[in-house]
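Participant: Input structure.cif, format and content: mmCIF, C-alpha atoms and all ligand atoms.
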data_query
loop_
_atom_site.label_atom_id
_atom_site.label_comp_id
_atom_site.auth_asym_id
_atom_site.auth_seq_id
_atom_site.Cartn_x
_atom_site.Cartn_y
_atom_site.Cartn_z
CA MET A 152 68.75 -29.68 -34.47
CA ILE A 153 65.14 -28.43 -34.58
CA GLN A 154 63.95 -31.91 -33.58
CA HIS A 155 66.42 -31.86 -30.69
CA LEU A 156 65.08 -28.49 -29.50
CA LYS A 157 61.50 -29.73 -29.75
CA ASN A 158 62.35 -32.86 -27.77
CA GLN A 159 63.75 -30.74 -24.99
CA SER A 160 60.49 -28.71 -25.07
CA LEU A 161 62.58 -25.55 -25.06
CA MET A 162 60.23 -23.94 -27.57
CA ASP A 163 57.23 -24.34 -25.25
CA LYS A 164 59.04 -22.96 -22.22
CA GLU A 165 57.89 -19.63 -20.86
CA ILE A 166 60.19 -16.65 -21.21
CA GLN A 167 60.26 -15.62 -17.53
CA SER A 168 63.72 -17.04 -16.82
CA ILE A 169 65.45 -14.82 -19.40
CA ILE A 170 63.71 -11.49 -18.73
CA ILE A 171 66.01 -8.63 -17.66
CA PRO A 172 63.76 -6.88 -15.09
CA VAL A 173 62.75 -3.23 -15.48
CA GLU A 174 65.01 -2.06 -12.63
CA LYS A 175 68.06 -3.29 -14.57
CA VAL A 176 66.98 -1.85 -17.94
CA ALA A 177 68.50 1.46 -19.02
CA HIS A 178 65.60 3.64 -20.21
CA VAL A 179 64.49 7.24 -20.68
CA GLN A 180 61.23 9.11 -20.21
CA LEU A 181 59.12 10.75 -22.95
CA ALA A 182 59.74 14.27 -21.66
CA ASN A 183 63.50 13.91 -21.13
CA PRO A 184 65.71 16.26 -23.18
CA LEU A 185 67.19 14.46 -26.19
CA GLU A 186 70.67 15.29 -24.89
CA HIS A 187 69.95 13.21 -21.77
CA ALA A 188 68.99 10.23 -23.95
CA LEU A 189 72.21 10.58 -25.93
CA LEU A 190 74.25 10.62 -22.70
CA VAL A 191 72.48 7.49 -21.40
CA LEU A 192 73.08 5.71 -24.72
CA ILE A 193 76.76 6.68 -24.84
CA LYS A 194 77.44 5.85 -21.17
CA SER A 195 75.56 2.53 -21.26
CA GLY A 196 77.09 1.51 -24.58
CA TYR A 197 73.69 0.34 -25.87
CA THR A 198 72.50 1.08 -29.38
CA ALA A 199 68.86 1.59 -28.41
CA ILE A 200 66.82 1.71 -25.20
CA PRO A 201 63.08 1.81 -24.34
CA VAL A 202 61.11 5.03 -23.75
CA LEU A 203 58.69 4.92 -20.80
CA ASP A 204 56.25 7.33 -19.14
CA PRO A 205 56.15 8.08 -15.39
CA THR A 206 53.72 5.14 -14.86
CA PHE A 207 56.15 2.73 -16.56
CA LYS A 208 54.07 2.31 -19.71
CA LEU A 209 56.10 1.66 -22.84
CA HIS A 210 55.91 4.33 -25.59
CA GLY A 211 58.75 3.60 -27.98
CA LEU A 212 62.43 3.26 -28.56
CA ILE A 213 65.25 5.79 -28.83
CA SER A 214 68.54 4.99 -30.53
CA LYS A 215 71.84 6.63 -31.40
CA SER A 216 70.92 6.54 -35.10
CA LEU A 217 67.49 8.17 -34.55
CA ILE A 218 69.23 10.96 -32.59
CA LEU A 219 71.90 11.45 -35.27
CA ASP A 220 69.19 11.55 -37.98
CA SER A 221 67.34 14.26 -36.05
CA LEU A 222 70.51 16.41 -36.04
CA LEU A 223 71.17 16.08 -39.73
CA GLY A 224 71.07 19.44 -41.52
CA LEU A 225 71.48 19.95 -45.27
CA GLU A 226 75.27 19.75 -45.20
CA GLN A 227 76.26 19.23 -41.59
CA ILE A 228 75.34 17.76 -38.22
CA GLU A 229 73.57 20.56 -36.30
CA VAL A 230 74.43 19.69 -32.70
CA GLU A 231 72.68 22.82 -31.39
CA ARG A 232 69.34 21.17 -32.29
CA LEU A 233 69.84 18.80 -29.32
CA ALA A 234 68.89 21.53 -26.84
CA GLY A 235 65.44 22.09 -28.33
CA LEU A 236 64.34 18.47 -28.76
CA LYS A 237 62.73 15.98 -26.38
CA VAL A 238 62.83 12.20 -26.52
CA GLU A 239 59.17 12.06 -27.64
CA ASP A 240 59.95 14.24 -30.70
CA VAL A 241 62.45 11.75 -32.09
CA MET A 242 61.60 8.29 -30.69
CA GLN A 243 60.31 5.45 -32.85
CA PRO A 244 56.82 4.63 -31.50
CA SER A 245 56.57 1.10 -32.85
CA LEU A 246 58.72 -1.65 -31.40
CA PRO A 247 58.46 -5.39 -30.83
CA THR A 248 56.69 -6.50 -27.64
CA ILE A 249 55.84 -9.84 -26.09
CA HIS A 250 53.45 -10.78 -23.26
CA LYS A 251 55.17 -12.15 -20.13
CA GLU A 252 53.46 -15.55 -20.54
CA GLU A 253 54.41 -16.10 -24.18
CA THR A 254 56.58 -19.01 -25.22
CA PHE A 255 60.28 -19.09 -26.01
CA ALA A 256 59.37 -19.91 -29.65
CA LYS A 257 57.66 -16.51 -30.04
CA ALA A 258 60.65 -14.69 -28.52
CA LEU A 259 63.00 -16.56 -30.84
CA THR A 260 60.99 -15.54 -33.93
CA LEU A 261 60.90 -11.87 -32.86
CA SER A 262 64.63 -11.88 -32.08
CA ILE A 263 65.50 -12.62 -35.72
CA ASN A 264 64.91 -8.96 -36.60
CA HIS A 265 65.33 -7.27 -33.22
CA PRO A 266 68.27 -7.28 -30.78
CA PHE A 267 65.87 -6.90 -27.85
CA ILE A 268 62.14 -7.38 -27.20
CA CYS A 269 60.09 -5.52 -24.58
CA VAL A 270 58.05 -7.68 -22.18
CA LEU A 271 54.60 -6.44 -21.12
CA ASP A 272 52.17 -7.32 -18.33
CA ASP A 273 48.39 -7.87 -18.85
CA ASP A 274 47.71 -4.14 -18.52
CA GLY A 275 50.51 -3.15 -20.89
CA SER A 276 52.97 -2.19 -18.14
CA PHE A 277 56.62 -2.59 -19.03
CA LEU A 278 58.21 -5.51 -17.14
CA GLY A 279 61.62 -5.66 -18.77
CA ILE A 280 63.38 -6.87 -21.90
CA ILE A 281 64.60 -10.09 -23.49
CA ILE A 282 67.84 -9.77 -25.43
CA ARG A 283 68.84 -11.84 -28.43
CA SER A 284 72.04 -12.99 -26.74
CA SER A 285 70.07 -14.59 -23.84
CA ILE A 286 67.93 -16.46 -26.37
CA LEU A 287 71.02 -17.77 -28.18
CA LYS A 288 72.68 -18.68 -24.87
CA LEU A 289 69.68 -20.79 -23.83
CA ILE A 290 69.57 -22.56 -27.20
CA SER A 291 73.30 -23.28 -26.95
CA LYS A 292 72.84 -24.68 -23.41
CA TYR A 293 70.08 -27.05 -24.60
CA MET A 294 72.14 -28.18 -27.59
CA HIS A 295 75.12 -29.06 -25.43
CA GLN A 296 73.14 -30.92 -22.78
P1 LIG A 301 73.46 -7.18 -25.97
O1 LIG A 301 73.09 -8.53 -26.47
O2 LIG A 301 73.80 -7.15 -24.50
O3 LIG A 301 74.45 -6.48 -26.85
O4 LIG A 301 72.12 -6.29 -26.08
C1 LIG A 301 71.54 -5.99 -27.32
C2 LIG A 301 70.78 -4.70 -27.23
O5 LIG A 301 69.74 -4.85 -26.25
C3 LIG A 301 71.60 -3.50 -26.75
O6 LIG A 301 72.24 -2.83 -27.81
C4 LIG A 301 70.52 -2.63 -26.15
O7 LIG A 301 69.83 -1.96 -27.20
C5 LIG A 301 69.58 -3.63 -25.54
N1 LIG A 301 69.92 -3.88 -24.10
C6 LIG A 301 70.61 -4.91 -23.59
N2 LIG A 301 70.69 -4.84 -22.24
C7 LIG A 301 70.03 -3.69 -21.90
C8 LIG A 301 69.76 -3.03 -20.65
N3 LIG A 301 70.17 -3.53 -19.47
N4 LIG A 301 69.07 -1.89 -20.68
C9 LIG A 301 68.63 -1.38 -21.87
N5 LIG A 301 68.84 -1.96 -23.07
C10 LIG A 301 69.54 -3.10 -23.09
#
Please rewrite the model in this file as structure tokens.
Facilitator:
Amino acid sequence: MIQHLKNQSLMDKEIQSIIIPVEKVAHVQLANPLEHALLVLIKSGYTAIPVLDPTFKLHGLISKSLILDSLLGLEQIEVERLAGLKVEDVMQPSLPTIHKEETFAKALTLSINHPFICVLDDDGSFLGIIIRSSILKLISKYMHQ
């Protein structure tokens, strides 16, 4: 199968065709109240979404589990903590990124451990995301050609 993929030069392809552009990516801002992030996550149905600043630079990732962890008291979930926290207090600052001109092979490797990968421009601006399911879909298409 690997030989087949190499023959089709899928691995050397650029990732542009599978990027979900920024305007279609659910995201929150650093200074947003944590409650807003939780609402976006629940309404969108996503597990985790990127955190941006007003200039569209990427700063981290916020997820349902990070939010739940931040509400964990000694013996109970302390929901009232939500009101006093901002996204930047709870987000995870490190997350996988890929440059817009990288190859499909790099995206495939990163997708092993991450359901989505953030795509950056030369100056570090956030361009969008690549999701694992798009990577698998493209591989499946090549295999069935
Ligand atoms: P999916 O393969 O569609 O389940 O996406 C996997 C993960 O990628 C989701 O749980 C989200 O964390 C993220 N994701 C997918 N699509 C979007 C989107 N449009 N906006 C923000 N995050 C997304």
Participant: Return the single residue from A:Thr248, A:Leu259, A:Ile170, A:Ser160 that is closest to Leu209 of chain A, with distances computed using only C-alpha atoms.
Facilitator: A:Thr248
Participant: Near Val241 of chain A, counting all atoms listed in the file, which residues have an atom at most 9 Å away, once you skip same-chain residues fewer than 3 positions from it, shown as number ranges by chain?
Facilitator: A: 185, 213, 217-218, 220-221, 236-238
Participant: Which chains and residue numbers are within 10 Å of ligand LIG 301 (chain A), counting only C-alpha atoms and all ligand atoms, if I want them as a ChimeraX atom specification?
Facilitator: /A:171-179,191-192,195-201,212-215,265-269,279-287
Participant: Could you check which of A:Ile249, A:Ser291, A:Phe255, A:Leu219 is closest to Arg232 of chain A, using only C-alpha atoms?
Facilitator: A:Leu219
Participant: Could you state the separation of atom CA of Ile290 of chain A and atom CA of Asp272 of chain A in Å, given to one decimal place?
Facilitator: 24.8 Å
Participant: Between A:Ser216, A:Gly275, A:Ala258, A:Glu252, which residue has the minimum interatomic distance to Leu189 of chain A, considering only C-alpha atoms?
Facilitator: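 Comparing A:Ser216, A:Gly275, A:Ala258, A:Glu252 against Leu189 of chain A, the winner is A:Ser216.
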Participant: Just the number, please: distance in Å from atom CA of Ala182 of chain A to atom CA of Ile228 of chain A, one decimal.
Facilitator: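 It comes out at 23.0 Å.
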Participant: Using all atoms listed in the file, which residue out of A:Leu246, A:Leu261, A:Leu289, A:Ala234 lies closest to Gly211 of chain A?
Facilitator: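 Checking each of A:Leu246, A:Leu261, A:Leu289, A:Ala234 against Gly211 of chain A, counting all atoms listed in the file, the winner is A:Leu246.
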Participant: Using all atoms listed in the file, which of the listed residues (A:Gln243, A:Ser276, A:Asn264, A:Thr254) sits closest to Leu181 of chain A?
Facilitator: A:Gln243
Participant: One number please: atom CA of Gln167 of chain A to atom CA of Leu271 of chain A, in Å, one decimal.
Facilitator: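 Atom-to-atom, atom CA of Gln167 of chain A to atom CA of Leu271 of chain A, that is 11.4 Å.
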